[in-house]
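Trainee: Sharing final.txt (compact mmCIF, C-alpha atoms) below.
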# COMPACT_ATOMS: atom_id res chain seq x y z
CA MET Q 5 14.71 -1.20 13.90
CA TRP Q 6 16.09 -2.95 10.90
CA ARG Q 7 18.86 -4.30 13.11
CA GLY Q 8 16.26 -6.84 14.07
CA CYS Q 9 15.86 -7.69 10.41
CA ARG Q 10 19.61 -8.12 9.94
CA GLN Q 11 19.48 -10.65 12.75
CA LEU Q 12 16.85 -12.48 10.79
CA LEU Q 13 19.11 -12.65 7.77
CA TRP Q 14 21.77 -14.34 9.83
CA GLY Q 15 19.18 -16.71 11.25
CA ARG Q 16 19.98 -15.97 14.87
CA SER Q 17 16.80 -14.86 16.60
CA PRO Q 18 13.68 -17.01 17.07
CA LEU Q 19 11.45 -14.61 15.16
CA ALA Q 20 9.02 -16.53 13.05
CA ARG Q 21 8.69 -14.02 10.26
CA PHE Q 22 10.76 -15.81 7.64
CA PRO Q 23 11.83 -19.45 7.55
CA ARG Q 24 15.50 -20.02 8.33
CA PRO Q 25 17.57 -18.97 5.37
CA PRO Q 26 19.43 -21.80 3.64
CA PRO Q 27 23.23 -21.77 4.15
CA ALA Q 28 23.80 -20.49 0.62
CA ALA Q 29 21.93 -17.28 1.37
CA ALA Q 30 23.91 -16.45 4.49
CA GLY Q 31 26.63 -13.88 3.84
CA ARG Q 32 30.19 -14.98 3.32
CA GLY Q 33 32.60 -14.74 6.23
CA PRO Q 34 35.78 -12.68 6.39
CA VAL Q 35 37.74 -15.17 4.33
CA GLY Q 36 35.92 -15.57 1.06
CA SER Q 37 36.17 -18.46 -1.29
CA GLY Q 38 38.83 -18.51 -3.97
CA GLY Q 39 40.37 -15.07 -4.45
CA GLY Q 40 40.69 -14.15 -0.76
CA ARG Q 41 38.20 -11.29 -0.96
CA ALA Q 42 38.30 -9.35 2.29
CA TYR Q 43 34.70 -8.20 2.52
CA ALA Q 44 31.57 -9.17 0.68
CA PRO Q 45 28.31 -7.40 1.44
CA PRO Q 46 25.76 -9.74 3.05
CA ALA Q 47 23.64 -11.51 0.47
CA GLU Q 48 20.21 -9.97 0.27
CA ARG Q 49 17.12 -11.93 1.08
CA LYS Q 50 15.68 -13.35 -2.10
CA ARG Q 51 12.04 -13.03 -2.91
CA PHE Q 52 10.58 -16.23 -1.56
CA TYR Q 53 6.94 -15.70 -2.33
CA GLN Q 54 4.96 -15.54 -5.54
CA ASN Q 55 1.72 -13.88 -4.58
CA VAL Q 56 0.89 -11.11 -2.19
CA SER Q 57 -2.71 -10.80 -1.08
CA ILE Q 58 -4.76 -9.09 1.56
CA SER Q 59 -7.21 -10.60 4.00
CA GLN Q 60 -9.34 -9.13 6.72
CA GLY Q 61 -8.80 -10.32 10.28
CA GLU Q 62 -10.26 -9.23 13.61
CA GLY Q 63 -7.79 -6.43 14.24
CA GLY Q 64 -7.77 -5.10 10.72
CA PHE Q 65 -6.28 -6.03 7.39
CA GLU Q 66 -3.42 -8.50 7.09
CA ILE Q 67 -0.90 -9.22 4.35
CA ASN Q 68 -0.34 -12.75 3.08
CA LEU Q 69 2.88 -13.71 1.30
CA ASP Q 70 1.74 -16.86 -0.50
CA HIS Q 71 0.13 -18.63 2.43
CA ARG Q 72 2.23 -17.10 5.20
CA LYS Q 73 1.00 -14.14 7.18
CA LEU Q 74 3.31 -11.16 7.37
CA LYS Q 75 4.68 -10.34 10.82
CA THR Q 76 6.53 -7.34 12.24
CA PRO Q 77 10.19 -7.56 13.33
CA GLN Q 78 8.96 -8.16 16.90
CA ALA Q 79 6.88 -11.10 15.66
CA LYS Q 80 3.52 -9.43 16.10
CA LEU Q 81 0.91 -10.04 13.46
CA PHE Q 82 0.98 -7.29 10.85
CA THR Q 83 -2.45 -5.64 10.94
CA VAL Q 84 -3.37 -2.26 9.56
CA PRO Q 85 -6.63 -0.44 10.18
CA SER Q 86 -7.15 0.83 6.65
CA GLU Q 87 -7.68 -1.22 3.51
CA ALA Q 88 -6.01 1.29 1.22
CA LEU Q 89 -2.90 1.19 3.42
CA ALA Q 90 -2.90 -2.61 3.29
CA ILE Q 91 -3.14 -2.50 -0.50
CA ALA Q 92 -0.25 -0.06 -0.69
CA VAL Q 93 1.92 -2.26 1.57
CA ALA Q 94 1.02 -5.31 -0.51
CA THR Q 95 2.05 -3.42 -3.65
CA GLU Q 96 5.39 -2.61 -2.01
CA TRP Q 97 6.00 -6.29 -1.30
CA ASP Q 98 4.81 -7.25 -4.75
CA SER Q 99 7.16 -4.83 -6.48
CA GLN Q 100 10.25 -6.48 -5.03
CA LYS Q 101 11.96 -8.37 -7.83
CA ASP Q 102 14.55 -11.09 -7.13
CA THR Q 103 15.82 -9.60 -3.87
CA ILE Q 104 13.94 -7.83 -1.13
CA LYS Q 105 15.14 -4.30 -0.62
CA PHE Q 106 13.85 -3.19 2.72
CA TYR Q 107 15.15 0.31 2.31
CA THR Q 108 12.65 0.94 -0.47
CA MET Q 109 9.65 -0.26 1.53
CA HIS Q 110 8.85 2.89 3.45
CA LEU Q 111 5.19 2.18 4.17
CA THR Q 112 6.04 -1.25 5.57
CA THR Q 113 8.67 0.34 7.79
CA LEU Q 114 6.18 2.91 9.06
CA CYS Q 115 3.57 0.26 9.81
CA ASN Q 116 6.14 -1.83 11.63
CA THR Q 117 7.18 1.16 13.72
CA ALA Q 118 3.58 1.96 14.57
CA LEU Q 119 2.81 -1.64 15.51
CA ASP Q 120 5.98 -2.36 17.49
CA ASN Q 121 6.73 1.09 18.91
CA PRO Q 122 10.37 0.08 19.44
CA THR Q 123 11.28 3.36 21.12
CA GLN Q 124 8.42 2.83 23.55
CA ARG Q 125 7.11 6.35 23.33
CA ASN Q 126 3.61 7.29 24.34
CA LYS Q 127 1.47 9.95 22.72
CA THR Q 128 2.68 12.86 24.86
CA GLN Q 129 6.33 12.06 24.20
CA LEU Q 130 5.70 11.86 20.47
CA ILE Q 131 3.90 15.20 20.43
CA ARG Q 132 6.62 16.78 22.52
CA ALA Q 133 9.30 15.49 20.13
CA ALA Q 134 7.34 16.83 17.17
CA VAL Q 135 6.71 20.30 18.59
CA LYS Q 136 10.34 20.52 19.72
CA PHE Q 137 11.25 20.77 16.06
CA LEU Q 138 9.49 24.11 15.86
CA GLU Q 139 12.33 25.80 17.72
CA THR Q 140 14.77 24.71 15.04
CA ASP Q 141 12.38 24.76 12.12
CA THR Q 142 14.18 24.99 8.81
CA ILE Q 143 12.00 27.65 7.28
CA CYS Q 144 12.39 29.93 10.26
CA TYR Q 145 16.16 30.01 9.95
CA ARG Q 146 17.23 32.66 7.48
CA VAL Q 147 20.61 33.70 6.20
CA GLU Q 148 21.83 37.17 5.49
CA GLU Q 149 24.52 36.24 3.00
CA PRO Q 150 24.49 35.65 0.00
CA PRO Q 151 21.70 38.11 -0.79
CA ALA Q 152 20.32 35.99 -3.60
CA LEU Q 153 19.75 33.12 -1.20
CA ALA Q 154 18.26 35.44 1.42
CA GLU Q 155 15.88 36.78 -1.21
CA LEU Q 156 14.96 33.26 -2.32
CA GLN Q 157 14.26 32.22 1.25
CA LYS Q 158 12.07 35.26 1.77
CA ASN Q 159 10.08 34.63 -1.38
CA GLU Q 160 9.62 30.92 -0.95
CA TRP Q 161 9.38 30.42 2.79
CA ASP Q 162 7.47 33.52 3.89
CA PRO Q 163 4.17 32.50 2.23
CA VAL Q 164 4.23 29.15 4.00
CA VAL Q 165 4.94 30.76 7.38
CA THR Q 166 2.12 33.24 6.79
CA TRP Q 167 -0.22 30.45 5.84
CA ALA Q 168 0.66 28.51 9.01
CA GLU Q 169 0.24 31.59 11.18
CA LYS Q 170 -3.16 32.26 9.71
CA ARG Q 171 -4.34 28.68 9.72
CA TYR Q 172 -3.42 27.97 13.33
CA ASN Q 173 -3.83 31.52 14.60
CA VAL Q 174 -0.33 31.65 16.06
CA ALA Q 175 2.75 33.82 15.83
CA ILE Q 176 5.88 32.17 14.48
CA GLY Q 177 8.13 34.64 12.70
CA SER Q 178 11.61 33.96 11.41
CA SER Q 179 15.07 34.98 12.47
CA THR Q 180 18.59 35.34 11.16
CA SER Q 181 20.29 34.82 14.50
CA ILE Q 182 22.06 31.64 15.42
CA LEU Q 183 19.64 31.00 18.27
CA GLY Q 184 16.67 30.85 15.99
CA PRO Q 185 13.22 32.32 16.28
CA ASN Q 186 11.61 32.99 19.60
CA ILE Q 187 8.52 30.84 19.63
CA PRO Q 188 5.98 31.97 22.21
CA ALA Q 189 4.58 29.32 24.54
CA SER Q 190 1.04 29.86 23.27
CA THR Q 191 2.16 28.80 19.79
CA LYS Q 192 3.58 25.58 21.16
CA GLU Q 193 0.40 24.98 23.14
CA THR Q 194 -1.70 25.41 20.02
CA PHE Q 195 0.36 22.88 18.10
CA VAL Q 196 0.37 20.45 21.01
CA SER Q 197 -3.40 20.51 21.25
CA HIS Q 198 -3.75 20.27 17.47
CA LEU Q 199 -1.48 17.24 17.27
CA ALA Q 200 -3.31 15.62 20.18
CA SER Q 201 -6.32 15.23 17.91
CA TYR Q 202 -4.53 12.61 15.80
CA ASN Q 203 -4.39 8.96 16.77
CA MET Q 204 -1.20 7.12 17.68
CA TRP Q 205 -0.52 5.74 14.21
CA ALA Q 206 -0.98 9.10 12.51
CA LEU Q 207 1.31 10.69 15.10
CA GLN Q 208 4.10 8.24 14.28
CA GLY Q 209 3.70 9.24 10.66
CA ILE Q 210 3.67 12.96 11.45
CA GLU Q 211 6.80 12.69 13.58
CA TYR Q 212 8.49 10.75 10.78
CA VAL Q 213 7.68 13.42 8.19
CA ILE Q 214 8.89 16.17 10.50
CA THR Q 215 12.17 14.34 11.09
CA GLN Q 216 12.70 13.85 7.37
CA LEU Q 217 11.83 17.39 6.26
CA LYS Q 218 13.41 18.96 9.35
CA SER Q 219 10.47 21.33 9.60
CA LEU Q 220 7.21 21.26 11.53
CA ILE Q 221 5.59 23.95 9.42
CA LEU Q 222 6.27 22.18 6.13
CA SER Q 223 4.92 18.94 7.56
CA MET Q 224 1.75 20.68 8.69
CA GLY Q 225 1.44 22.14 5.22
CA LEU Q 226 1.63 18.63 3.81
CA ILE Q 227 -0.83 17.16 6.30
CA ASP Q 228 -3.31 19.95 5.62
CA ARG Q 229 -2.85 19.46 1.86
CA HIS Q 230 -1.66 23.01 1.40
CA ILE Q 231 1.49 22.03 -0.55
CA THR Q 232 2.40 18.96 -2.57
CA VAL Q 233 5.17 16.56 -1.59
CA GLU Q 234 7.46 17.76 -4.36
CA LYS Q 235 7.01 21.37 -3.26
CA ALA Q 236 7.57 20.54 0.41
CA VAL Q 237 10.78 18.69 -0.40
CA LEU Q 238 11.90 21.57 -2.58
CA LEU Q 239 11.29 24.05 0.21
CA SER Q 240 13.06 21.82 2.69
CA ARG Q 241 16.11 21.60 0.45
CA LEU Q 242 15.99 25.24 -0.67
CA GLU Q 243 19.60 26.05 0.06
CA GLU Q 244 20.79 22.85 -1.65
CA GLU Q 245 18.74 23.68 -4.71
CA TYR Q 246 20.23 27.15 -4.73
CA GLN Q 247 23.75 25.74 -4.61
CA ILE Q 248 22.89 23.20 -7.31
CA GLN Q 249 21.68 26.01 -9.56
CA ARG Q 250 24.91 27.83 -8.87
CA TRP Q 251 27.48 25.05 -8.99
CA GLY Q 252 25.84 22.21 -10.85
CA ASN Q 253 24.07 18.98 -10.08
CA VAL Q 254 25.79 15.79 -8.97
CA GLU Q 255 23.49 12.98 -9.94
CA TRP Q 256 24.77 10.28 -7.65
CA ALA Q 257 24.46 12.52 -4.60
CA HIS Q 258 21.88 15.24 -5.20
CA ASP Q 259 19.35 13.26 -7.20
CA TYR Q 260 19.84 10.27 -4.95
CA ASP Q 261 19.10 12.33 -1.84
CA LEU Q 262 16.21 14.09 -3.56
CA CYS Q 263 14.53 10.85 -4.56
CA GLU Q 264 15.06 9.36 -1.14
CA LEU Q 265 13.63 12.40 0.65
CA ARG Q 266 10.67 12.54 -1.71
CA ALA Q 267 9.94 8.85 -1.17
CA ARG Q 268 10.11 9.17 2.60
CA ALA Q 269 8.03 12.34 2.77
CA ALA Q 270 5.42 10.90 0.41
CA ALA Q 271 5.26 7.67 2.38
CA GLY Q 272 4.87 9.54 5.66
CA THR Q 273 2.14 11.84 4.33
CA LEU Q 274 0.22 8.99 2.75
CA PHE Q 275 0.53 7.01 5.97
CA VAL Q 276 -0.87 9.89 8.05
CA HIS Q 277 -3.77 10.47 5.68
CA LEU Q 278 -4.69 6.81 5.43
CA CYS Q 279 -4.51 6.33 9.19
CA SER Q 280 -6.57 9.35 10.11
CA GLU Q 281 -9.31 9.35 7.54
CA SER Q 282 -12.63 7.67 7.64
CA SER Q 283 -14.41 7.74 4.36
CA THR Q 284 -18.10 7.38 3.95
CA VAL Q 285 -19.79 7.06 0.62
CA LYS Q 286 -22.95 9.06 0.27
CA HIS Q 287 -24.91 8.15 -2.78
CA LYS Q 288 -26.79 10.98 -4.35
CA LEU Q 289 -30.23 10.09 -5.54
CA LEU Q 290 -30.67 10.66 -9.24
CA GLN Q 291 -33.42 13.12 -9.90
CA ASP Q 292 -35.41 12.36 -12.99
CA MET V 24 -4.43 24.88 -2.54
CA ALA V 25 -1.60 22.90 -4.03
CA ALA V 26 -0.92 23.02 -7.71
CA LEU V 27 -1.80 19.43 -8.42
CA GLY V 28 -2.41 19.41 -12.13
CA SER V 29 -5.25 17.51 -13.70
CA PRO V 30 -6.58 14.30 -12.16
CA LEU V 31 -6.22 12.60 -15.53
CA HIS V 32 -2.48 13.14 -15.47
CA THR V 33 -2.23 11.73 -11.99
CA PHE V 34 -4.35 8.76 -12.93
CA ARG V 35 -2.29 7.93 -15.98
CA GLY V 36 0.93 8.40 -14.03
CA LEU V 37 -0.33 5.99 -11.37
CA LEU V 38 -1.20 3.36 -13.94
CA ARG V 39 2.22 3.74 -15.52
CA GLU V 40 3.98 3.33 -12.17
CA LEU V 41 1.88 0.29 -11.33
CA ARG V 42 2.81 -1.23 -14.65
CA TYR V 43 6.51 -0.71 -13.97
CA ALA V 44 6.21 -2.01 -10.46
CA SER V 45 4.48 -5.30 -11.07
CA GLY V 46 5.19 -6.48 -14.59
CA ARG V 47 2.65 -7.96 -16.95
CA PRO V 48 -0.44 -8.80 -14.88
CA TYR V 49 -0.86 -5.38 -13.33
CA ARG V 50 -4.59 -5.24 -13.99
CA ASP V 51 -5.17 -8.06 -11.53
CA THR V 52 -3.42 -6.37 -8.66
CA PRO V 53 -5.59 -5.04 -5.82
CA ALA V 54 -3.87 -1.68 -6.12
CA TYR V 55 -5.06 -1.23 -9.70
CA ARG V 56 -8.62 -2.20 -8.83
CA HIS V 57 -8.68 0.07 -5.79
CA ILE V 58 -7.35 3.10 -7.68
CA VAL V 59 -9.71 2.64 -10.60
CA ALA V 60 -12.68 2.20 -8.28
CA ALA V 61 -11.71 5.25 -6.20
CA PHE V 62 -11.32 7.48 -9.25
CA ARG V 63 -14.59 6.28 -10.71
CA ALA V 64 -16.48 6.76 -7.46
CA HIS V 65 -15.32 10.34 -6.98
CA ARG V 66 -15.67 11.43 -10.56
CA VAL V 67 -19.33 12.24 -10.72
CA THR V 68 -20.42 14.98 -8.42
CA SER V 69 -22.67 17.95 -8.90
CA GLU V 70 -20.87 20.14 -6.39
CA LYS V 71 -18.72 22.94 -7.67
CA LEU V 72 -15.97 22.40 -5.12
CA CYS V 73 -15.82 18.81 -3.97
CA ARG V 74 -13.53 18.46 -0.98
CA ALA V 75 -13.51 14.70 -1.11
CA GLN V 76 -12.46 14.77 -4.73
CA GLN V 77 -9.54 17.05 -3.95
CA GLU V 78 -8.58 14.93 -0.98
CA LEU V 79 -8.54 11.87 -3.19
CA HIS V 80 -6.55 13.69 -5.83
CA PHE V 81 -3.99 14.80 -3.27
CA GLN V 82 -3.66 11.24 -1.95
CA ALA V 83 -3.30 9.92 -5.47
CA ALA V 84 -0.64 12.51 -6.27
CA THR V 85 1.22 11.63 -3.07
CA TYR V 86 1.12 7.93 -3.89
CA LEU V 87 2.31 8.68 -7.41
CA CYS V 88 5.21 10.69 -5.99
CA LEU V 89 6.05 7.77 -3.68
CA LEU V 90 6.06 5.15 -6.45
CA ARG V 91 7.97 7.33 -8.86
CA SER V 92 10.66 8.39 -6.39
CA VAL V 93 11.15 4.83 -5.09
CA ARG V 94 11.65 3.63 -8.67
CA GLU V 95 14.11 6.43 -9.45
CA HIS V 96 15.90 5.89 -6.16
CA THR V 97 16.43 2.18 -6.83
CA ALA V 98 17.62 2.96 -10.35
CA LEU V 99 20.14 5.48 -9.02
CA HIS V 100 21.21 3.07 -6.31
CA ARG V 101 21.76 0.28 -8.79
CA GLU V 102 23.65 2.62 -11.08
CA TYR V 103 25.97 4.30 -8.60
CA HIS V 104 25.94 2.58 -5.24
CA GLY V 105 25.12 -1.05 -5.80
CA LYS V 106 28.30 -2.39 -7.32
CA GLY V 107 30.05 -3.63 -4.21
CA GLU V 108 33.76 -4.14 -3.93
CA ARG V 109 36.07 -4.96 -6.80
CA SER V 110 38.09 -8.16 -6.76
CA PRO V 111 41.93 -7.92 -6.51
CA GLU V 112 42.23 -8.78 -10.19
CA GLU V 113 39.99 -5.88 -11.19
CA VAL V 114 41.83 -3.50 -8.91
CA ALA V 115 45.15 -4.46 -10.46
CA GLY V 116 43.61 -4.13 -13.89
CA LEU V 117 42.61 -0.52 -13.14
CA VAL V 118 46.24 0.58 -13.28
CA GLY V 119 47.24 -1.90 -15.93
CA PHE V 120 48.86 -4.55 -13.76
CA ARG V 121 48.20 -8.25 -13.58
CA LEU V 122 48.49 -10.31 -10.47
CA PRO V 123 51.43 -12.73 -10.54
CA GLN V 124 50.64 -16.39 -11.08
CA GLN V 125 52.36 -18.41 -8.41
CA PRO V 126 51.96 -22.13 -8.97
CA GLY V 127 52.54 -23.02 -5.34
CA GLY V 128 50.28 -20.38 -3.87
CA LYS V 129 51.44 -17.27 -2.00
CA GLY V 130 54.42 -17.33 0.32
Could you render the structure as structure tokens?
Mentor:
Amino acid sequence: MWRGCRQLLWGRSPLARFPRPPPAAAGRGPVGSGGGRAYAPPAERKRFYQNVSISQGEGGFEINLDHRKLKTPQAKLFTVPSEALAIAVATEWDSQKDTIKFYTMHLTTLCNTALDNPTQRNKTQLIRAAVKFLETDTICYRVEEPPALAELQKNEWDPVVTWAEKRYNVAIGSSTSILGPNIPASTKETFVSHLASYNMWALQGIEYVITQLKSLILSMGLIDRHITVEKAVLLSRLEEEYQIQRWGNVEWAHDYDLCELRARAAAGTLFVHLCSESSTVKHKLLQD
Amino acid sequence: MAALGSPLHTFRGLLRELRYASGRPYRDTPAYRHIVAAFRAHRVTSEKLCRAQQELHFQAATYLCLLRSVREHTALHREYHGKGERSPEEVAGLVGFRLPQQPGGKG
């Protein structure tokens, strides 16, 4: 999806999202100036706006960068149904200093995906893709060796599986074989019908969280507010954490991946909650 | 239910992250106003177990996790992965060489 954005940087496509970048901002070619440098990374898009604000249009809330309206990579107008989500996206754009780092703007990416639907999937295909993860769910795959890791998996993952089984009234189980657990069809049916109750935007978010955490059960735990994001990420990376405890932490790899996974999972969960909630304020009368 | 900690902690963490994210005028941002209003609105309730309050607290904790991890991720990226390629002079300097100066250019 961001390939479309890269095209924007090089000023090729007629998308009206940004004005054409001046020649100085375009990346240098294979032969650089002066020292004959072979490859220079493409220059990042500089921050070209001062203020980010929100306005309400017919379809929902829109983001304004100075006086320009934000558009998706496919040049549709960027509208979100929820005000809190619009505020969060505006904060993302506002927190870009000097250059715009698209890889940090997870909520914007999710909104763009929901608006454009670049993979052209309908609701049934999304649900099918999400439930398919159950067959290869991370927390259903157990090891037998080393015993410390097997014990850790049992202690940490079993409660979540039990919670999911009780909450959805299904049978999931876990397995140590290479083929994975045998998920009965009724379990899949239950999840399919449960996921069908979410709207299209929330489903995009749910599928995103499942893909990041590699587990349907952990994602459901997040959506149902049973576990926090930090805990879900920890459970998803349980074996890595075990190895880090054993062999040591490598900051530029382990912490980097941890922060990235946390950011993505948090963005996905927040997106789902903001897209599927409808809040009403009931004022209690003061009794005097 | 998740071990979320106290709402005050989450609130203060959110304000700190907003301050880092936007610089000086963070009190004017819509995010600040929205969060303050949301926390104020859900604070007073006579119910023992207020579901809406816990929902809000979970959302706030999730948003805090998002802001914090994005900030740490960019810091790590800048520190370890953002340097780009070294120039030929720097590469030669790594092993203690200097590139030859050829007045007429190479070749």
Trainee: Output the contact residues of chain Q with respect to chain V at a cut-off of 9 Å, based on all atoms listed in the file, as a PyMOL selection string.
Mentor: chain Q and resi 39-41+43-45+57-58+88+91-92+94-96+98-101+108-109+229-235+255-256+259-271+273-274+277-278+283+285+288
Trainee: For the residues in that selection, give me C-alpha atoms as a compact mmCIF listing (two decimals), keeping the file's coordinate frame.
Mentor:
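Wrote it out as selection-v9.txt, contents follow:
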# COMPACT_ATOMS: atom_id res chain seq x y z
CA GLY Q 39 40.37 -15.07 -4.45
CA GLY Q 40 40.69 -14.15 -0.76
CA ARG Q 41 38.20 -11.29 -0.96
CA TYR Q 43 34.70 -8.20 2.52
CA ALA Q 44 31.57 -9.17 0.68
CA PRO Q 45 28.31 -7.40 1.44
CA SER Q 57 -2.71 -10.80 -1.08
CA ILE Q 58 -4.76 -9.09 1.56
CA ALA Q 88 -6.01 1.29 1.22
CA ILE Q 91 -3.14 -2.50 -0.50
CA ALA Q 92 -0.25 -0.06 -0.69
CA ALA Q 94 1.02 -5.31 -0.51
CA THR Q 95 2.05 -3.42 -3.65
CA GLU Q 96 5.39 -2.61 -2.01
CA ASP Q 98 4.81 -7.25 -4.75
CA SER Q 99 7.16 -4.83 -6.48
CA GLN Q 100 10.25 -6.48 -5.03
CA LYS Q 101 11.96 -8.37 -7.83
CA THR Q 108 12.65 0.94 -0.47
CA MET Q 109 9.65 -0.26 1.53
CA ARG Q 229 -2.85 19.46 1.86
CA HIS Q 230 -1.66 23.01 1.40
CA ILE Q 231 1.49 22.03 -0.55
CA THR Q 232 2.40 18.96 -2.57
CA VAL Q 233 5.17 16.56 -1.59
CA GLU Q 234 7.46 17.76 -4.36
CA LYS Q 235 7.01 21.37 -3.26
CA GLU Q 255 23.49 12.98 -9.94
CA TRP Q 256 24.77 10.28 -7.65
CA ASP Q 259 19.35 13.26 -7.20
CA TYR Q 260 19.84 10.27 -4.95
CA ASP Q 261 19.10 12.33 -1.84
CA LEU Q 262 16.21 14.09 -3.56
CA CYS Q 263 14.53 10.85 -4.56
CA GLU Q 264 15.06 9.36 -1.14
CA LEU Q 265 13.63 12.40 0.65
CA ARG Q 266 10.67 12.54 -1.71
CA ALA Q 267 9.94 8.85 -1.17
CA ARG Q 268 10.11 9.17 2.60
CA ALA Q 269 8.03 12.34 2.77
CA ALA Q 270 5.42 10.90 0.41
CA ALA Q 271 5.26 7.67 2.38
CA THR Q 273 2.14 11.84 4.33
CA LEU Q 274 0.22 8.99 2.75
CA HIS Q 277 -3.77 10.47 5.68
CA LEU Q 278 -4.69 6.81 5.43
CA SER Q 283 -14.41 7.74 4.36
CA VAL Q 285 -19.79 7.06 0.62
CA LYS Q 288 -26.79 10.98 -4.35
Trainee: To one decimal in Å, tell me the separation between CA of Leu153 in chain Q and CA of Gly252 in chain Q.
Mentor: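 Separation of CA of Leu153 in chain Q and CA of Gly252 in chain Q: 15.8 Å.
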Trainee: Rounded to one decimal place, report the CA of Ala236 in chain Q-CA of Ile214 in chain Q distance in Å.
Mentor: 11.1 Å
Trainee: Which centre and edge lengths in Å to one decimal define the box along x, y and z that fits every listed atom of range 37-44 of chain V plus 5 Å per side, as lines of an AutoDock Vina configuration file?
Mentor:
center_x = 2.7
center_y = 2.0
center_z = -13.0
size_x = 17.7
size_y = 18.0
size_z = 15.1
Trainee: Would you work out the distance separating CA of Pro188 in chain Q from CA of Ile176 in chain Q, expressed in Å to one decimal?
Mentor: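 It comes out at 7.7 Å.
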Trainee: For Gly63 in chain Q, which of Q:Leu242, Q:Leu81, Q:Ala47, Q:Leu222 is the closest residue, counting all atoms listed in the file?
Mentor: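 With all atoms listed in the file as the atom set, the closest residue is Q:Leu81.
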